[in-house]
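Have a look at start-v1.cif; it's mmCIF, C-alpha atoms and all ligand atoms; chains and numbers go by the auth columns:
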data_structure
#
loop_
_atom_site.group_PDB
_atom_site.id
_atom_site.type_symbol
_atom_site.label_atom_id
_atom_site.label_comp_id
_atom_site.label_asym_id
_atom_site.label_seq_id
_atom_site.Cartn_x
_atom_site.Cartn_y
_atom_site.Cartn_z
_atom_site.B_iso_or_equiv
_atom_site.auth_seq_id
_atom_site.auth_asym_id
ATOM 1 C CA MET A 1 19.654 82.747 -156.309 0.00 1 A
ATOM 2 C CA SER A 2 18.279 81.725 -152.973 0.00 2 A
ATOM 3 C CA CYS A 3 15.768 83.620 -150.958 0.00 3 A
ATOM 4 C CA GLU A 4 16.784 82.979 -147.431 0.00 4 A
ATOM 5 C CA ILE A 5 14.245 82.470 -144.721 0.00 5 A
ATOM 6 C CA ILE A 6 15.057 83.434 -141.170 0.00 6 A
ATOM 7 C CA VAL A 7 13.652 81.397 -138.306 0.00 7 A
ATOM 8 C CA LYS A 8 12.696 83.458 -135.259 0.00 8 A
ATOM 9 C CA LEU A 9 12.809 81.106 -132.343 0.00 9 A
ATOM 10 C CA GLY A 10 11.927 82.207 -128.838 0.00 10 A
ATOM 11 C CA ASN A 11 14.021 80.961 -125.944 0.00 11 A
ATOM 12 C CA ARG A 12 11.126 79.321 -124.170 0.00 12 A
ATOM 13 C CA LEU A 13 10.048 77.362 -127.232 0.00 13 A
ATOM 14 C CA ARG A 14 13.637 76.336 -127.879 0.00 14 A
ATOM 15 C CA GLU A 15 13.983 75.022 -124.345 0.00 15 A
ATOM 16 C CA GLU A 16 10.651 73.188 -124.413 0.00 16 A
ATOM 17 C CA LEU A 17 11.503 71.513 -127.685 0.00 17 A
ATOM 18 C CA VAL A 18 14.919 70.379 -126.484 0.00 18 A
ATOM 19 C CA GLU A 19 13.466 69.185 -123.179 0.00 19 A
ATOM 20 C CA THR A 20 10.691 67.219 -124.913 0.00 20 A
ATOM 21 C CA CYS A 21 13.297 65.430 -127.010 0.00 21 A
ATOM 22 C CA ARG A 22 15.591 64.900 -124.049 0.00 22 A
ATOM 23 C CA ARG A 23 12.852 63.122 -122.113 0.00 23 A
ATOM 24 C CA ARG A 24 12.536 60.524 -124.892 0.00 24 A
ATOM 25 C CA LEU A 25 16.208 59.675 -124.990 0.00 25 A
ATOM 26 C CA PRO A 26 17.625 57.229 -125.982 0.00 26 A
ATOM 27 C CA ASN A 27 14.815 57.164 -128.555 0.00 27 A
ATOM 28 C CA GLU A 28 14.250 59.657 -131.293 0.00 28 A
ATOM 29 C CA ALA A 29 11.428 62.078 -130.582 0.00 29 A
ATOM 30 C CA CYS A 30 9.317 63.561 -133.353 0.00 30 A
ATOM 31 C CA GLY A 31 6.396 65.850 -133.974 0.00 31 A
ATOM 32 C CA VAL A 32 5.133 68.908 -135.769 0.00 32 A
ATOM 33 C CA VAL A 33 5.940 72.581 -135.383 0.00 33 A
ATOM 34 C CA TYR A 34 3.149 75.170 -135.460 0.00 34 A
ATOM 35 C CA GLY A 35 3.581 78.758 -136.472 0.00 35 A
ATOM 36 C CA TYR A 36 3.318 81.104 -139.394 0.00 36 A
ATOM 37 C CA ARG A 37 5.327 82.364 -142.300 0.00 37 A
ATOM 38 C CA THR A 38 5.941 85.620 -144.016 0.00 38 A
ATOM 39 C CA ALA A 39 7.888 86.003 -147.235 0.00 39 A
ATOM 40 C CA ASP A 40 11.227 85.877 -145.468 0.00 40 A
ATOM 41 C CA GLU A 41 10.511 84.751 -141.925 0.00 41 A
ATOM 42 C CA LEU A 42 9.364 81.576 -140.287 0.00 42 A
ATOM 43 C CA ILE A 43 7.919 82.165 -136.841 0.00 43 A
ATOM 44 C CA PRO A 44 7.216 79.030 -134.826 0.00 44 A
ATOM 45 C CA ASP A 45 4.806 79.438 -131.919 0.00 45 A
ATOM 46 C CA GLY A 46 4.387 75.916 -130.632 0.00 46 A
ATOM 47 C CA PHE A 47 4.799 72.245 -131.351 0.00 47 A
ATOM 48 C CA ALA A 48 3.077 68.934 -130.797 0.00 48 A
ATOM 49 C CA TRP A 49 4.971 65.853 -129.802 0.00 49 A
ATOM 50 C CA ILE A 50 3.854 62.774 -131.761 0.00 50 A
ATOM 51 C CA ARG A 51 4.600 59.270 -130.556 0.00 51 A
ATOM 52 C CA ASN A 52 7.428 57.607 -132.445 0.00 52 A
ATOM 53 C CA VAL A 53 6.240 54.171 -133.557 0.00 53 A
ATOM 54 C CA ALA A 54 9.336 53.187 -135.526 0.00 54 A
ATOM 55 C CA PRO A 55 10.425 49.668 -134.478 0.00 55 A
ATOM 56 C CA ASN A 56 13.999 50.922 -134.312 0.00 56 A
ATOM 57 C CA ALA A 57 13.118 54.134 -132.497 0.00 57 A
ATOM 58 C CA GLU A 58 16.688 54.683 -131.336 0.00 58 A
ATOM 59 C CA GLU A 59 17.729 55.488 -134.869 0.00 59 A
ATOM 60 C CA ALA A 60 14.575 56.305 -136.800 0.00 60 A
ATOM 61 C CA PHE A 61 11.182 57.870 -136.401 0.00 61 A
ATOM 62 C CA ALA A 62 7.692 57.291 -137.709 0.00 62 A
ATOM 63 C CA PHE A 63 4.655 59.258 -136.610 0.00 63 A
ATOM 64 C CA ASP A 64 1.928 57.389 -134.809 0.00 64 A
ATOM 65 C CA PRO A 65 -0.800 57.698 -137.484 0.00 65 A
ATOM 66 C CA GLY A 66 -3.621 58.503 -135.053 0.00 66 A
ATOM 67 C CA GLU A 67 -1.669 61.178 -133.217 0.00 67 A
ATOM 68 C CA TRP A 68 -0.492 62.605 -136.489 0.00 68 A
ATOM 69 C CA ILE A 69 -4.073 63.027 -137.714 0.00 69 A
ATOM 70 C CA ALA A 70 -5.039 64.478 -134.326 0.00 70 A
ATOM 71 C CA ALA A 71 -2.263 67.062 -134.578 0.00 71 A
ATOM 72 C CA CYS A 72 -3.513 68.088 -138.018 0.00 72 A
ATOM 73 C CA TYR A 73 -7.108 68.440 -136.773 0.00 73 A
ATOM 74 C CA GLU A 74 -5.904 70.351 -133.764 0.00 74 A
ATOM 75 C CA ALA A 75 -4.065 72.770 -136.044 0.00 75 A
ATOM 76 C CA GLN A 76 -7.093 73.231 -138.271 0.00 76 A
ATOM 77 C CA LYS A 77 -9.452 73.679 -135.349 0.00 77 A
ATOM 78 C CA ASN A 78 -7.263 76.391 -133.858 0.00 78 A
ATOM 79 C CA GLN A 79 -6.457 77.919 -137.231 0.00 79 A
ATOM 80 C CA ARG A 80 -2.790 77.206 -136.811 0.00 80 A
ATOM 81 C CA LEU A 81 -0.416 76.187 -139.516 0.00 81 A
ATOM 82 C CA ILE A 82 1.964 73.304 -139.376 0.00 82 A
ATOM 83 C CA VAL A 83 5.183 74.874 -140.600 0.00 83 A
ATOM 84 C CA GLY A 84 7.486 71.943 -140.132 0.00 84 A
ATOM 85 C CA VAL A 85 8.299 68.620 -138.582 0.00 85 A
ATOM 86 C CA PHE A 86 10.910 67.944 -135.942 0.00 86 A
ATOM 87 C CA HIS A 87 12.821 64.911 -134.810 0.00 87 A
ATOM 88 C CA SER A 88 15.846 64.327 -132.666 0.00 88 A
ATOM 89 C CA HIS A 89 19.150 62.586 -133.162 0.00 89 A
ATOM 90 C CA PRO A 90 19.830 60.991 -129.760 0.00 90 A
ATOM 91 C CA ILE A 91 23.521 60.469 -130.316 0.00 91 A
ATOM 92 C CA GLY A 92 24.106 62.420 -133.481 0.00 92 A
ATOM 93 C CA ALA A 93 24.657 65.910 -134.709 0.00 93 A
ATOM 94 C CA ASN A 94 21.807 68.008 -136.003 0.00 94 A
ATOM 95 C CA ALA A 95 22.701 67.439 -139.648 0.00 95 A
ATOM 96 C CA PRO A 96 20.266 65.496 -141.862 0.00 96 A
ATOM 97 C CA SER A 97 21.125 61.814 -142.006 0.00 97 A
ATOM 98 C CA LYS A 98 21.066 59.530 -145.024 0.00 98 A
ATOM 99 C CA ARG A 99 17.781 58.183 -143.736 0.00 99 A
ATOM 100 C CA ASP A 100 16.347 61.682 -143.491 0.00 100 A
ATOM 101 C CA GLU A 101 17.270 62.216 -147.102 0.00 101 A
ATOM 102 C CA GLN A 102 15.416 59.063 -148.121 0.00 102 A
ATOM 103 C CA SER A 103 12.300 59.593 -146.062 0.00 103 A
ATOM 104 C CA LEU A 104 11.796 63.073 -147.372 0.00 104 A
ATOM 105 C CA VAL A 105 8.344 64.599 -147.650 0.00 105 A
ATOM 106 C CA PRO A 106 7.723 68.142 -148.837 0.00 106 A
ATOM 107 C CA TRP A 107 7.580 70.093 -145.615 0.00 107 A
ATOM 108 C CA ASP A 108 8.237 73.750 -145.253 0.00 108 A
ATOM 109 C CA SER A 109 10.917 73.121 -142.677 0.00 109 A
ATOM 110 C CA TYR A 110 12.715 70.230 -141.030 0.00 110 A
ATOM 111 C CA TRP A 111 13.837 70.640 -137.466 0.00 111 A
ATOM 112 C CA ILE A 112 16.566 68.433 -136.123 0.00 112 A
ATOM 113 C CA ILE A 113 17.560 68.422 -132.478 0.00 113 A
ATOM 114 C CA GLY A 114 20.964 66.829 -132.100 0.00 114 A
ATOM 115 C CA PHE A 115 22.303 65.470 -128.822 0.00 115 A
ATOM 116 C CA ALA A 116 25.893 64.968 -129.913 0.00 116 A
ATOM 117 C CA GLY A 117 26.668 67.496 -127.213 0.00 117 A
ATOM 118 C CA SER A 118 24.868 67.202 -123.897 0.00 118 A
ATOM 119 C CA ASP A 119 22.699 70.258 -124.375 0.00 119 A
ATOM 120 C CA GLY A 120 20.635 69.514 -127.433 0.00 120 A
ATOM 121 C CA ASP A 121 21.239 71.714 -130.403 0.00 121 A
ATOM 122 C CA ILE A 122 18.502 72.760 -132.845 0.00 122 A
ATOM 123 C CA ALA A 123 19.007 73.237 -136.552 0.00 123 A
ATOM 124 C CA VAL A 124 16.315 74.061 -139.107 0.00 124 A
ATOM 125 C CA TYR A 125 16.482 73.102 -142.758 0.00 125 A
ATOM 126 C CA ARG A 126 14.562 73.418 -145.923 0.00 126 A
ATOM 127 C CA HIS A 127 14.932 70.924 -148.679 0.00 127 A
ATOM 128 C CA THR A 128 15.288 72.514 -152.076 0.00 128 A
ATOM 129 C CA GLU A 129 16.227 71.239 -155.501 0.00 129 A
ATOM 130 C CA GLN A 130 19.817 72.075 -154.560 0.00 130 A
ATOM 131 C CA GLY A 131 19.606 69.934 -151.456 0.00 131 A
ATOM 132 C CA TRP A 132 19.421 70.780 -147.779 0.00 132 A
ATOM 133 C CA VAL A 133 19.646 74.435 -146.883 0.00 133 A
ATOM 134 C CA SER A 134 20.287 75.382 -143.293 0.00 134 A
ATOM 135 C CA LEU A 135 18.141 78.300 -142.152 0.00 135 A
ATOM 136 C CA PRO A 136 19.557 80.977 -139.862 0.00 136 A
ATOM 137 C CA LEU A 137 18.077 80.914 -136.373 0.00 137 A
ATOM 138 C CA VAL A 138 17.647 84.184 -134.558 0.00 138 A
ATOM 139 C CA PRO A 139 16.110 84.852 -131.154 0.00 139 A
ATOM 140 C CA ALA A 140 12.477 85.967 -131.333 0.00 140 A
HETATM 141 ZN ZN ZN B . 17.204 62.280 -138.699 0.00 1 B
#

In structure tokens, what does this structure look like?
Ligand SMILES: [Zn+2]
Amino acid sequence: MSCEIIVKLGNRLREELVETCRRRLPNEACGVVYGYRTADELIPDGFAWIRNVAPNAEEAFAFDPGEWIAACYEAQKNQRLIVGVFHSHPIGANAPSKRDEQSLVPWDSYWIIGFAGSDGDIAVYRHTEQGWVSLPLVPA
């Protein structure tokens, strides 16, 4: 029995997120997604890009610790919730990689922007006891 959560993603936010990741190519981009949640909907309303300090940034990501803390304070100050984290796959699809599986932390949602195609394609996942579950994306 799974209770499915729908992600309502506005066009503008989608484009900004893809563009932010595109500008960091060939490196992976990463950050947090702000928004709110109801019982069956996840509604993102913004994001914060966080510098990727992974030494092998073309194939991994690690949040800059200072910027990560700043993003959390910023959220708290503005009474916003961090509903997920995002990162990009510069040359890969938007499916979770082996590394993603290993570096798992309990977030509400994981956003992966894949650039296997030229356009940048967003997928949103939750990690459950059954593994990765892809969440349906609908226009806001
Ligand atoms: Zn990944």

What is the distance between atom CA of Asn27 of chain A and atom CA of Asn56 of chain A, in Å to one decimal?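 Result for atom CA of Asn27 of chain A versus atom CA of Asn56 of chain A: 8.5 Å, one decimal.
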
Need to verify the contact set: segment 11-21 of chain A, 8 Å, all atoms listed in the file, exclusion of same-chain residues closer than 3 positions in sequence. Can you return it as a ChimeraX atom specification? /A:24-25,28-30,45-47,49,87-88,113,120-122,139-140

Nearby polymer residues, ligand ZN 1 (chain B), at most 6 Å, all atoms listed in the file, as a PyMOL selection string: chain A and resi 89+96-97+100

Take the residues just selected and output them with C-alpha atoms as a PDB file, in the coordinates of the input.
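Saved to out_24.pdb:
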ATOM      1  CA  HIS A  89      19.150  62.586-133.162  1.00  0.00           C
ATOM      2  CA  PRO A  96      20.266  65.496-141.862  1.00  0.00           C
ATOM      3  CA  SER A  97      21.125  61.814-142.006  1.00  0.00           C
ATOM      4  CA  ASP A 100      16.347  61.682-143.491  1.00  0.00           C
TER       5      ASP A 100
END

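Distances from A:Ser134, A:Ile50, A:Gly92, A:Glu129 to Ser109 of chain A were compared using only C-alpha atoms, and the smallest one belongs to A:Ser134.
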
What's the separation between atom CA of Glu58 of chain A and atom CA of Trp132 of chain A, in Å to one decimal place?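 The value is 23.2 Å.
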
If I wrap all listed atoms of segment 104-118 of chain A in a box with edges along x, y and z and add 6 Å on each side, what are its centre and edge lengths in Å to one decimal, as JSON?
{"center_x": 17.1, "center_y": 68.4, "center_z": -136.4, "size_x": 31.1, "size_y": 22.7, "size_z": 36.9}

Using only C-alpha atoms for the distances, tell me which of A:Asp108, A:Glu101, A:Glu4, A:Glu67 is nearest to Gly35 of chain A. A:Asp108

Of the candidates A:Ala71, A:Val32, A:Pro26, A:Gly10, which shows the shortest atom-to-atom distance to Trp107 of chain A, using all atoms listed in the file?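 Of the candidates, the smallest distance to Trp107 of chain A is held by A:Val32.
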
From A:Thr128, A:Ala95, A:Val85, A:Ala39, residue lying nearest Tyr110 of chain A [only C-alpha atoms]: A:Val85

What is the atom CA of Val138 of chain A-atom CA of Val7 of chain A distance in Å, reported with one decimal?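 It comes out at 6.1 Å.
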
If we count all atoms listed in the file, what is near Pro44 of chain A at a cut-off of 7 Å, once residues fewer than 6 positions away on the same chain are taken out, given as a list in words?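 Near neighbours after the sequence-gap exclusion: Leu9, Val33, Tyr34, Gly35 and Tyr36 of chain A.
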
Selection near Pro136 of chain A, 9 Å with only C-alpha atoms, sequence-local residues under 4 positions removed, as a ChimeraX atom specification: /A:4-8,123-125

Quick one: of A:Gly117, A:Gly31, A:Gly66, A:Pro55, who's nearest to Asn94 of chain A, counting all atoms listed in the file?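 The shortest atom-to-atom distance to Asn94 of chain A comes from A:Gly117.
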